[in-house]
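What follows is a set of notes on a single structure, which appears directly below.
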Amino acid sequence: MSYVDIDNTATWTKYKKGLCDSCVANCCTMPVEAKLSDLLRLEVVDPFEAEHEELRLIARRLKKEGIIDNYTPSDEIFTLARMANRDCLYLDTKTRRCTIYAKRPDVCRKPPKVGPRPGFCPYEEK
């Protein structure tokens, strides 16, 4: 097995079906970008708030609650918070599985079609 550096896409593996079953979830240590629709699905923003509140105010609240790390107004992108070890806030550290899988953001639903190197992933065997 070769070394995988999530920041160096040249070390990534060509994706194939079933690869995630034996992976340590390196992709879940990368920043997760979410749209308002993702936050609604996650139920951290309710429909009334989404319709009547400015995004920057929603972002301020979510940052204060530790749900997001950043908000980029020009793209309307929220970056989900990560734990101190860089894992996604919603990754179970023992099982290395997503705790919100059914509600996960779109970017997490579409790998490896989206991301820094489409068709490849930072696969590392368990």
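Lettering and numbering for the structure tokens are positional, with chains as A, B, ... in the shown order, residues counted from 1 in each chain, and ligands counted from 1 in the shown order.
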So that each row is one residue of segment 83-102 of chain A with an atom at most 12 Å from segment 17-27 of chain A, can you give its shortest atom pair and the distance in Å to one decimal, using only C-alpha atoms, rows by chain and rising number, as a tab-separated table?
```
residue	atom	partner	partner_atom	distance
A:Asn85	CA	A:Asn26	CA	11.8
A:Arg86	CA	A:Asn26	CA	10.0
A:Asp87	CA	A:Asn26	CA	8.4
A:Cys88	CA	A:Cys27	CA	9.1
A:Tyr90	CA	A:Ala25	CA	11.9
A:Leu91	CA	A:Ala25	CA	8.8
A:Asp92	CA	A:Ala25	CA	10.3
A:Thr93	CA	A:Ala25	CA	10.0
A:Lys94	CA	A:Val24	CA	10.4
A:Thr95	CA	A:Val24	CA	8.9
A:Arg96	CA	A:Ala25	CA	6.1
A:Arg97	CA	A:Ala25	CA	7.4
A:Cys98	CA	A:Ala25	CA	9.0
```
Prev. selection, N, CA, C and O atoms, output as a compact mmCIF listing (two decimals), in the first residue's frame:
```
# COMPACT_ATOMS: atom_id res chain seq x y z
N ASN A 85 -9.05 16.94 15.29
CA ASN A 85 -8.21 16.03 14.50
C ASN A 85 -8.46 16.16 12.99
O ASN A 85 -7.97 15.36 12.22
N ARG A 86 -9.24 17.16 12.59
CA ARG A 86 -9.60 17.47 11.20
C ARG A 86 -10.75 16.62 10.66
O ARG A 86 -11.18 16.81 9.53
N ASP A 87 -11.26 15.67 11.41
CA ASP A 87 -12.40 14.87 10.96
C ASP A 87 -13.64 15.76 10.87
O ASP A 87 -13.79 16.71 11.65
N CYS A 88 -14.51 15.41 9.95
CA CYS A 88 -15.80 16.07 9.84
C CYS A 88 -16.53 15.96 11.18
O CYS A 88 -16.44 14.94 11.88
N TYR A 90 -19.41 15.32 11.72
CA TYR A 90 -20.41 14.26 11.71
C TYR A 90 -19.82 12.87 11.45
O TYR A 90 -20.56 11.93 11.18
N LEU A 91 -18.52 12.71 11.55
CA LEU A 91 -17.88 11.40 11.36
C LEU A 91 -17.71 10.73 12.71
O LEU A 91 -17.16 11.31 13.64
N ASP A 92 -18.19 9.49 12.81
CA ASP A 92 -18.00 8.70 14.03
C ASP A 92 -16.53 8.28 14.08
O ASP A 92 -16.06 7.58 13.18
N THR A 93 -15.82 8.70 15.09
CA THR A 93 -14.38 8.46 15.15
C THR A 93 -14.03 6.99 15.36
O THR A 93 -12.94 6.58 15.00
N LYS A 94 -14.92 6.21 15.91
CA LYS A 94 -14.63 4.79 16.15
C LYS A 94 -14.90 3.95 14.91
O LYS A 94 -14.08 3.14 14.51
N THR A 95 -16.06 4.14 14.30
CA THR A 95 -16.42 3.32 13.14
C THR A 95 -15.93 3.90 11.82
O THR A 95 -15.92 3.21 10.81
N ARG A 96 -15.56 5.20 11.84
CA ARG A 96 -15.15 5.93 10.63
C ARG A 96 -16.29 5.96 9.61
O ARG A 96 -16.08 5.91 8.40
N ARG A 97 -17.51 6.06 10.09
CA ARG A 97 -18.70 6.15 9.25
C ARG A 97 -19.46 7.43 9.55
O ARG A 97 -19.43 7.95 10.66
N CYS A 98 -20.17 7.92 8.55
CA CYS A 98 -20.95 9.15 8.66
C CYS A 98 -22.16 8.93 9.57
O CYS A 98 -22.91 7.97 9.39
```
Show which residues sit within 7 Å of segment 30-38 of chain A, as number ranges by chain. Count only C-alpha atoms, and ignore same-chain residues fewer than 4 positions away. A: 42, 76-80, 105-107
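Proximity ranking of A:Arg56, A:Arg104, A:Arg61, A:Arg82 relative to Leu39 of chain A places A:Arg104 first, based on only C-alpha atoms.
Among A:Asp69, A:Glu53, A:Glu43, A:Asp5, the residue with the shortest atom-to-atom distance to Tyr123 of chain A, counting only C-alpha atoms, is A:Asp5.
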Please, what distance in Å, to one decimal, runs between atom CA of Asp7 of chain A and atom CA of Arg109 of chain A? 20.4 Å
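Among the candidates A:Thr11, A:Phe120, A:Lys16, A:Ala81, the one nearest to Gly66 of chain A when counting only C-alpha atoms is A:Ala81.
Comparing the minimum interatomic distances between Leu89 of chain A and each of A:Pro73, A:Ile68, A:Pro112, A:Cys121, counting only C-alpha atoms, we find that A:Ile68 sits nearest.
For the set A:Ile100, A:Leu57, A:Ala10, A:Met83, the residue with the smallest atom-to-atom gap to Arg41 of chain A is A:Ile100, counting only C-alpha atoms.
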Length of the atom CA of His52 of chain A to atom CA of Leu40 of chain A vector [Å]: 13.5 Å
